[in-house]
Amino acid sequence: MKIQVIEPFSGIDNHFAQFIRRLSGAAPGDGLEIAARLVSHHTRLGNTCIDLSKLSGKMLVVESADEREGIRCPSYDAWLRELKISRCVGTPGEASPLILNPPFLYLNRYWAYEESVAEFVLERCGINWSSIPKERLKEPFYRLFPIKNGEMNWQAVAALSALGSRISIINGGPGTGKTTTVVKILALFMEVFGYKDPKILLAAPTGKAASRLGSAIVEGKGQLELASRLIDRIPSDAITIHRLLGAGRHRMFFNKNNPLSADLVVIDEASMVDLPLMAHLMEAIPSNCRLILLGDKDQLTSVQPGSVFSDICQAGSNAFSPAFIRMAKELTDTSDMTSAEENVPLQDNLTTLIKNYRFDEGSPIQGLSKAVKEKDYERALEIINTANAEQLRWKDLSQSPLRETIWKLVETIHRHYLQSIPERDPVKALSALGKLGVLCATRSGFLGTERINHLVEQRFLGRHPARHSAYPGRPIMITTNDYNRMLFNGDSGVILEQDGGLWAFFQGEKEIRRFSIADLPEHRSAYAMTVHKSQGSEFDTVLLVLPERINPVLSRQMMYTAITRARKRLEIWGTREILIHALKSTTTRTSGLKARLSSLSDHLNRSS
């Protein structure tokens with residue numbers, strides 16, 4: 001029998017399992033109760049369901065500080081039989097607490113979210129060539145995407161896909177030109193289709209990501225060879241997805257019964273969007289509206305359950321139909337384009353950008369990110385060990401006492417914030433937050449964010465003993481959603497002195513927003529943040545702190561996400577053992593979305 005160690009269950013997991021057992025009349029410890037605990041547990045950890053076939057027959061060992069519990073999962077066939085006869089388990093579409101779609105078992109609402117996303121994507125697959133006025137396409141396309149020395153231009157391919165489809169997925173790492181491509185798509189959108197007043201909406205998961213998207217589009221507009229009357233019509237005001245949908249505590253203002261008024265919606269940093277939010281977004285997109293999703297499938301997935309962008313990318317491939325390749329051949333070089341098999345879903349809708357425009361070929365940061373993405377951990381170690389310290393530095397903590405290490409780290413952070421954060425200028429202060437990013441793998445532990453932030457905080461409290469946790473220059477991060485103030489979990493800001501008092505400043509979509517300290521929702525210091533919370537941000541220098549012992553959060557995706565936050569310089573602090581473990585480990589979330597998107601026959605059967 002295979003043994004698998006899992007994280008401890010929470011009180012919510014246990015209460016939910018007991019509730020399901022009482023509701024169904026099942027005996028304690030039977031297959032239904034085990035399944036209910038596991039579904040709650042795995043959903044809390046970011047999965048949208050459990051795969052019974054991968055858990056069946058295993059002994060699950062739950063280890064905590066004060067106990068060790070073993071749970072024996074039934075065999076797959078016996079487990080299915082037991083679940084199918086329970087009145088708490090239904091088939092897809094039924095109003096039951098749990099939904100069974102073998103081999104997956106879901107909480108009902110996550111089944112509904114996943115079904116909604118799958119139907120939206122599959123309904124919009126393919127290219128409608130008749131919708132493109134080809135006589136107006138070639139001149140602006142050649143102007144915006146000129147052919148250079150027969151070089152394959154994946155940005156041009158992405159633009160062609162976006163013009164002809166109602167959903168376009170553009171995947172690529174930082175520096176591959178995703179927002180540059182979108183600016184050109186927006187220009188083509190108006191030139192080719194002749195829109196005089198197009199309704200284009202731009203959004204991202206966080207205020208910081210929305211601000212960066214808006215700034216990138218402003219910069220891109222300045223480089224376009226386009227009539228000023230058309231450039232002026234390209235919007236650059238990006239907002240958060242929550243604000244786009246009119247999010248409230250209990251519902252979204254825009255939904256399937258009250259859709260957005262839009263011709264084109266662009267979502268940046270789509271890998272950060274969790275399953276529930278993506279489902280709400282897609283429900284609010286009208287049938288005649290195009291949706292463009294920009295993201296990086298190799299980054300960490302969303303904090304909340306789901307891995308929607310990654311699932312969509314994995315269900316498809318960077319392959320295209322013969323019709324698409326024929327059209328592309330008229331407009332750009334097609335030497336590297338792969339022909340897709342017949343009737344493959346998402347062909348023509350997914351483009352992966354490959355060329356990096358931010359780093360040169362010799363950049364150790366670029367080389368390291370590529371090696372990690374390609375699972376070449378030996379090459380990654382070689383780059384780390386031989387890199388120029390001015391761009392990439394490895395600090396081996398194997399021989400350093402932990403207490404000495406953390407105090408060096410605290411001193412580094414304390415000195416940086418003393419020197420770089422002005423006490424009264426919110427523009428300069430918020431800009432300075434992007435100079436240094438101290439990213440930790442974990443919140444807890446000796447080298448986790450909680451301890452590091454606490455120790456740095458104490459250094460500053462020594463300078464401001466009467467002000468407690470509010471003092472000029474303190475970086476903060478929101479930890480709960482506040483729909484009234486439109487501040488959301490993960491939004492970062494800084495406390496400064498202004499008008500005789502202390503205020504909290506956040507970068508809004510269009511302007512800097514100021515809040516009274518007393519009006520802020522729950523928040524914490526953000527001298528250091530987890531790698532997960534850093535998504536959507538970039539820093540001149542990234543200091544990645546690995547934990548003192550092996551932890552489940554260590555993964556190749558975590559390393560890649562942290563590395564790609566660095567614009568100019570990267571430091572990695574840790575031991576070689578922990579580094580190798582992180583480079584070799586891969587985290588996958590359990591989801592049925594990829595399987596649904598990969599099954600074109602199911603879609604065709606539903607449509608017929």
# chains A, B, ... in the order shown; residues from 1 in each chain; ligands from 1
>>> closest_atom_pairs(of="range 531-585 of chain A", to="range 263-287 of chain A", cutoff="10 Å", atoms="only C-alpha atoms", output="CSV")
residue,atom,partner,partner_atom,distance
A:His532,CA,A:Met272,CA,9.3
A:Lys533,CA,A:Met272,CA,9.8
A:Gln535,CA,A:Met272,CA,7.3
A:Gly536,CA,A:Glu269,CA,6.5
>>> write_last_selection(atoms="N, CA, C and O atoms", output="compact mmCIF listing (two decimals), in the first residue's frame")
# COMPACT_ATOMS: atom_id res chain seq x y z
N HIS A 532 4.28 34.13 -3.71
CA HIS A 532 2.93 34.11 -4.23
C HIS A 532 2.35 35.52 -4.29
O HIS A 532 1.71 35.92 -5.27
N LYS A 533 2.57 36.30 -3.23
CA LYS A 533 2.01 37.65 -3.17
C LYS A 533 2.73 38.62 -4.09
O LYS A 533 2.22 39.72 -4.37
N GLN A 535 3.34 38.20 -7.24
CA GLN A 535 2.90 38.11 -8.63
C GLN A 535 2.24 39.41 -9.06
O GLN A 535 1.47 40.01 -8.32
N GLY A 536 2.54 39.82 -10.27
CA GLY A 536 2.03 41.09 -10.77
C GLY A 536 2.95 42.25 -10.45
O GLY A 536 2.70 43.38 -10.87
>>> select_by_dssp(residues="range 275-509 of chain A", states="helix (DSSP H, G or I)", output="NGL selection string")
:A and (275-283 or 308-315 or 322-331 or 364-373 or 377-386 or 402-420 or 426-432 or 449-461)
>>> residues_around(residues="Glu450 in chain A", least_positions_apart="3", cutoff="10 Å", atoms="only C-alpha atoms", output="PyMOL selection string")
chain A and resi 440+442-447+453-455+524-530
>>> select_by_dssp(residues="range 178-293 of chain A", states="strand (DSSP E or B)", output="number ranges by chain")
A: 200-204, 238-240, 247, 252, 255, 258, 264-267, 290-293
>>> write_last_selection(atoms="all heavy atoms", output="tab-separated table (two decimals), in the first residue's frame")
chain	number	residue	atom	x	y	z
A	200	ILE	N	-13.51	49.36	-25.44
A	200	ILE	CA	-12.40	48.49	-25.06
A	200	ILE	C	-12.17	48.62	-23.56
A	200	ILE	O	-12.00	49.74	-23.05
A	200	ILE	CB	-11.12	48.86	-25.83
A	200	ILE	CG1	-11.34	48.72	-27.34
A	200	ILE	CG2	-9.95	47.99	-25.39
A	200	ILE	CD1	-10.21	49.27	-28.18
A	201	LEU	N	-12.17	47.53	-22.85
A	201	LEU	CA	-11.97	47.52	-21.41
A	201	LEU	C	-10.67	46.78	-21.07
A	201	LEU	O	-10.42	45.69	-21.59
A	201	LEU	CB	-13.15	46.84	-20.70
A	201	LEU	CG	-14.53	47.44	-20.97
A	201	LEU	CD1	-15.61	46.63	-20.26
A	201	LEU	CD2	-14.58	48.90	-20.53
A	202	LEU	N	-9.86	47.39	-20.22
A	202	LEU	CA	-8.58	46.83	-19.80
A	202	LEU	C	-8.62	46.56	-18.30
A	202	LEU	O	-9.03	47.43	-17.53
A	202	LEU	CB	-7.43	47.80	-20.11
A	202	LEU	CG	-7.38	48.41	-21.51
A	202	LEU	CD1	-6.29	49.47	-21.57
A	202	LEU	CD2	-7.14	47.34	-22.56
A	203	ALA	N	-8.17	45.38	-17.89
A	203	ALA	CA	-8.23	45.04	-16.46
A	203	ALA	C	-7.12	44.07	-16.09
A	203	ALA	O	-6.53	43.39	-16.95
A	203	ALA	CB	-9.60	44.46	-16.10
A	204	ALA	N	-6.87	43.97	-14.79
A	204	ALA	CA	-5.88	43.05	-14.23
A	204	ALA	C	-6.35	42.68	-12.82
A	204	ALA	O	-7.22	43.34	-12.26
A	204	ALA	CB	-4.50	43.69	-14.21
A	238	ALA	N	-6.59	51.21	-17.21
A	238	ALA	CA	-6.83	49.83	-16.78
A	238	ALA	C	-7.31	49.83	-15.34
A	238	ALA	O	-6.86	50.63	-14.52
A	238	ALA	CB	-5.56	48.99	-16.92
A	239	ILE	N	-8.22	48.92	-15.03
A	239	ILE	CA	-8.77	48.82	-13.68
A	239	ILE	C	-8.68	47.38	-13.20
A	239	ILE	O	-8.35	46.48	-13.96
A	239	ILE	CB	-10.24	49.32	-13.63
A	239	ILE	CG1	-11.12	48.47	-14.56
A	239	ILE	CG2	-10.33	50.79	-13.99
A	239	ILE	CD1	-12.59	48.85	-14.53
A	240	THR	N	-8.99	47.17	-11.93
A	240	THR	CA	-8.99	45.79	-11.42
A	240	THR	C	-10.21	45.04	-11.95
A	240	THR	O	-11.24	45.65	-12.28
A	240	THR	CB	-9.02	45.77	-9.89
A	240	THR	OG1	-10.24	46.35	-9.42
A	240	THR	CG2	-7.83	46.51	-9.29
A	247	ALA	N	-17.78	44.58	-8.24
A	247	ALA	CA	-17.85	43.58	-7.17
A	247	ALA	C	-18.44	44.16	-5.90
A	247	ALA	O	-18.07	45.26	-5.47
A	247	ALA	CB	-16.46	43.01	-6.90
A	252	MET	N	-21.75	40.26	-8.05
A	252	MET	CA	-21.15	41.15	-9.05
A	252	MET	C	-22.26	41.93	-9.74
A	252	MET	O	-23.30	41.35	-10.11
A	252	MET	CB	-20.37	40.34	-10.09
A	252	MET	CG	-19.26	39.47	-9.51
A	252	MET	SD	-17.88	40.46	-8.91
A	252	MET	CE	-16.76	39.17	-8.36
A	255	ASN	N	-23.01	40.63	-14.73
A	255	ASN	CA	-23.09	39.18	-14.71
A	255	ASN	C	-23.77	38.72	-16.01
A	255	ASN	O	-23.95	39.52	-16.93
A	255	ASN	CB	-23.85	38.70	-13.47
A	255	ASN	CG	-25.17	39.44	-13.30
A	255	ASN	OD1	-26.01	39.45	-14.21
A	255	ASN	ND2	-25.36	40.09	-12.16
A	258	ASN	N	-26.72	40.78	-16.73
A	258	ASN	CA	-26.40	42.19	-16.91
A	258	ASN	C	-24.96	42.30	-17.41
A	258	ASN	O	-24.05	42.69	-16.69
A	258	ASN	CB	-26.55	42.95	-15.58
A	258	ASN	CG	-26.27	44.44	-15.74
A	258	ASN	OD1	-26.58	45.05	-16.77
A	258	ASN	ND2	-25.68	45.03	-14.70
A	264	LEU	N	-14.35	44.64	-26.77
A	264	LEU	CA	-13.10	43.92	-26.53
A	264	LEU	C	-12.70	44.10	-25.07
A	264	LEU	O	-12.69	45.22	-24.55
A	264	LEU	CB	-11.99	44.45	-27.45
A	264	LEU	CG	-10.58	43.89	-27.26
A	264	LEU	CD1	-10.53	42.41	-27.55
A	264	LEU	CD2	-9.58	44.64	-28.15
A	265	VAL	N	-12.38	42.99	-24.41
A	265	VAL	CA	-11.90	43.03	-23.02
A	265	VAL	C	-10.51	42.39	-22.98
A	265	VAL	O	-10.31	41.29	-23.50
A	265	VAL	CB	-12.85	42.27	-22.07
A	265	VAL	CG1	-12.26	42.18	-20.67
A	265	VAL	CG2	-14.22	42.94	-22.03
A	266	VAL	N	-9.56	43.10	-22.38
A	266	VAL	CA	-8.18	42.60	-22.24
A	266	VAL	C	-7.89	42.39	-20.75
A	266	VAL	O	-8.07	43.31	-19.95
A	266	VAL	CB	-7.16	43.59	-22.83
A	266	VAL	CG1	-5.74	43.09	-22.61
A	266	VAL	CG2	-7.43	43.82	-24.31
A	267	ILE	N	-7.44	41.19	-20.40
A	267	ILE	CA	-7.09	40.87	-19.02
A	267	ILE	C	-5.60	40.54	-18.95
A	267	ILE	O	-5.15	39.57	-19.57
A	267	ILE	CB	-7.91	39.69	-18.47
A	267	ILE	CG1	-9.41	39.96	-18.59
A	267	ILE	CG2	-7.51	39.38	-17.02
A	267	ILE	CD1	-9.91	41.12	-17.76
A	290	ARG	N	-14.99	40.26	-27.85
A	290	ARG	CA	-13.74	39.50	-27.85
A	290	ARG	C	-13.07	39.58	-26.47
A	290	ARG	O	-13.10	40.63	-25.83
A	290	ARG	CB	-12.78	40.03	-28.91
A	290	ARG	CG	-13.17	39.70	-30.35
A	290	ARG	CD	-12.24	40.42	-31.31
A	290	ARG	NE	-12.36	39.92	-32.68
A	290	ARG	CZ	-13.31	40.29	-33.53
A	290	ARG	NH1	-14.22	41.17	-33.14
A	290	ARG	NH2	-13.34	39.80	-34.76
A	291	LEU	N	-12.45	38.48	-26.05
A	291	LEU	CA	-11.70	38.44	-24.79
A	291	LEU	C	-10.27	38.04	-25.09
A	291	LEU	O	-10.02	37.03	-25.75
A	291	LEU	CB	-12.33	37.44	-23.81
A	291	LEU	CG	-11.56	37.18	-22.52
A	291	LEU	CD1	-11.49	38.46	-21.67
A	291	LEU	CD2	-12.19	36.05	-21.72
A	292	ILE	N	-9.30	38.83	-24.60
A	292	ILE	CA	-7.88	38.52	-24.74
A	292	ILE	C	-7.31	38.31	-23.33
A	292	ILE	O	-7.41	39.19	-22.48
A	292	ILE	CB	-7.11	39.64	-25.46
A	292	ILE	CG1	-7.66	39.85	-26.87
A	292	ILE	CG2	-5.63	39.32	-25.51
A	292	ILE	CD1	-7.01	41.00	-27.62
A	293	LEU	N	-6.73	37.14	-23.11
A	293	LEU	CA	-6.10	36.82	-21.83
A	293	LEU	C	-4.59	36.81	-22.01
A	293	LEU	O	-4.06	36.08	-22.86
A	293	LEU	CB	-6.56	35.44	-21.33
A	293	LEU	CG	-8.06	35.27	-21.06
A	293	LEU	CD1	-8.36	33.83	-20.64
A	293	LEU	CD2	-8.53	36.24	-19.98
>>> atom_distance(atom1="CA of Leu105 in chain A", atom2="CA of Ala36 in chain A")
9.1 Å
>>> closest_residue(among="A:Asp540, A:Met152, A:Met337, A:Pro205", to="Pro322 in chain A", atoms="only C-alpha atoms")
A:Met337
>>> residues_around(residues="Arg569 in chain A", least_positions_apart="5", cutoff="9 Å", atoms="only C-alpha atoms", output="NGL selection string")
:A and (365 or 389-393 or 539-543)
>>> residues_around(residues="Lys199 in chain A", least_positions_apart="4", cutoff="12 Å", atoms="only C-alpha atoms", output="ChimeraX atom specification")
/A:186,189-190,195,233-235,260-266,288-290
>>> write_last_selection(atoms="N, CA and C atoms", output="PDB file, in the first residue's frame")
ATOM      1  N   LEU A 186      -4.901  46.470 -30.480  1.00  0.00           N
ATOM      2  CA  LEU A 186      -5.916  47.516 -30.329  1.00  0.00           C
ATOM      3  C   LEU A 186      -5.905  48.457 -31.529  1.00  0.00           C
ATOM      4  N   PHE A 189      -7.425  46.607 -34.376  1.00  0.00           N
ATOM      5  CA  PHE A 189      -8.856  46.463 -34.098  1.00  0.00           C
ATOM      6  C   PHE A 189      -9.634  47.639 -34.670  1.00  0.00           C
ATOM      7  N   MET A 190      -9.087  48.855 -34.496  1.00  0.00           N
ATOM      8  CA  MET A 190      -9.787  50.045 -34.984  1.00  0.00           C
ATOM      9  C   MET A 190      -9.565  50.255 -36.483  1.00  0.00           C
ATOM     10  N   TYR A 195     -13.815  50.784 -36.299  1.00  0.00           N
ATOM     11  CA  TYR A 195     -14.559  51.286 -35.139  1.00  0.00           C
ATOM     12  C   TYR A 195     -14.221  52.758 -34.910  1.00  0.00           C
ATOM     13  N   ARG A 233      -7.776  57.141 -29.549  1.00  0.00           N
ATOM     14  CA  ARG A 233      -8.915  56.286 -29.221  1.00  0.00           C
ATOM     15  C   ARG A 233      -8.494  55.008 -28.490  1.00  0.00           C
ATOM     16  N   ILE A 234      -7.204  54.731 -28.494  1.00  0.00           N
ATOM     17  CA  ILE A 234      -6.733  53.536 -27.779  1.00  0.00           C
ATOM     18  C   ILE A 234      -6.721  53.834 -26.291  1.00  0.00           C
ATOM     19  N   PRO A 235      -7.506  53.138 -25.498  1.00  0.00           N
ATOM     20  CA  PRO A 235      -7.583  53.447 -24.068  1.00  0.00           C
ATOM     21  C   PRO A 235      -6.326  52.987 -23.336  1.00  0.00           C
ATOM     22  N   LEU A 260     -21.395  43.174 -19.453  1.00  0.00           N
ATOM     23  CA  LEU A 260     -20.623  44.382 -19.717  1.00  0.00           C
ATOM     24  C   LEU A 260     -20.963  44.937 -21.098  1.00  0.00           C
ATOM     25  N   SER A 261     -20.834  46.226 -21.242  1.00  0.00           N
ATOM     26  CA  SER A 261     -20.977  46.850 -22.557  1.00  0.00           C
ATOM     27  C   SER A 261     -19.578  46.998 -23.137  1.00  0.00           C
ATOM     28  N   ALA A 262     -19.190  46.067 -24.004  1.00  0.00           N
ATOM     29  CA  ALA A 262     -17.819  46.063 -24.497  1.00  0.00           C
ATOM     30  C   ALA A 262     -17.725  45.345 -25.829  1.00  0.00           C
ATOM     31  N   ASP A 263     -16.792  45.808 -26.657  1.00  0.00           N
ATOM     32  CA  ASP A 263     -16.440  45.124 -27.905  1.00  0.00           C
ATOM     33  C   ASP A 263     -15.211  44.239 -27.707  1.00  0.00           C
ATOM     34  N   LEU A 264     -14.348  44.641 -26.769  1.00  0.00           N
ATOM     35  CA  LEU A 264     -13.102  43.920 -26.526  1.00  0.00           C
ATOM     36  C   LEU A 264     -12.696  44.103 -25.070  1.00  0.00           C
ATOM     37  N   VAL A 265     -12.380  42.990 -24.407  1.00  0.00           N
ATOM     38  CA  VAL A 265     -11.902  43.026 -23.021  1.00  0.00           C
ATOM     39  C   VAL A 265     -10.513  42.392 -22.984  1.00  0.00           C
ATOM     40  N   VAL A 266      -9.558  43.096 -22.378  1.00  0.00           N
ATOM     41  CA  VAL A 266      -8.183  42.602 -22.237  1.00  0.00           C
ATOM     42  C   VAL A 266      -7.891  42.393 -20.754  1.00  0.00           C
ATOM     43  N   ASN A 288     -20.971  38.849 -28.331  1.00  0.00           N
ATOM     44  CA  ASN A 288     -20.293  39.438 -29.492  1.00  0.00           C
ATOM     45  C   ASN A 288     -18.992  40.140 -29.123  1.00  0.00           C
ATOM     46  N   CYS A 289     -18.536  39.962 -27.894  1.00  0.00           N
ATOM     47  CA  CYS A 289     -17.338  40.652 -27.400  1.00  0.00           C
ATOM     48  C   CYS A 289     -16.133  39.727 -27.481  1.00  0.00           C
ATOM     49  N   ARG A 290     -14.987  40.255 -27.846  1.00  0.00           N
ATOM     50  CA  ARG A 290     -13.743  39.498 -27.852  1.00  0.00           C
ATOM     51  C   ARG A 290     -13.074  39.580 -26.471  1.00  0.00           C
TER      52      ARG A 290
END
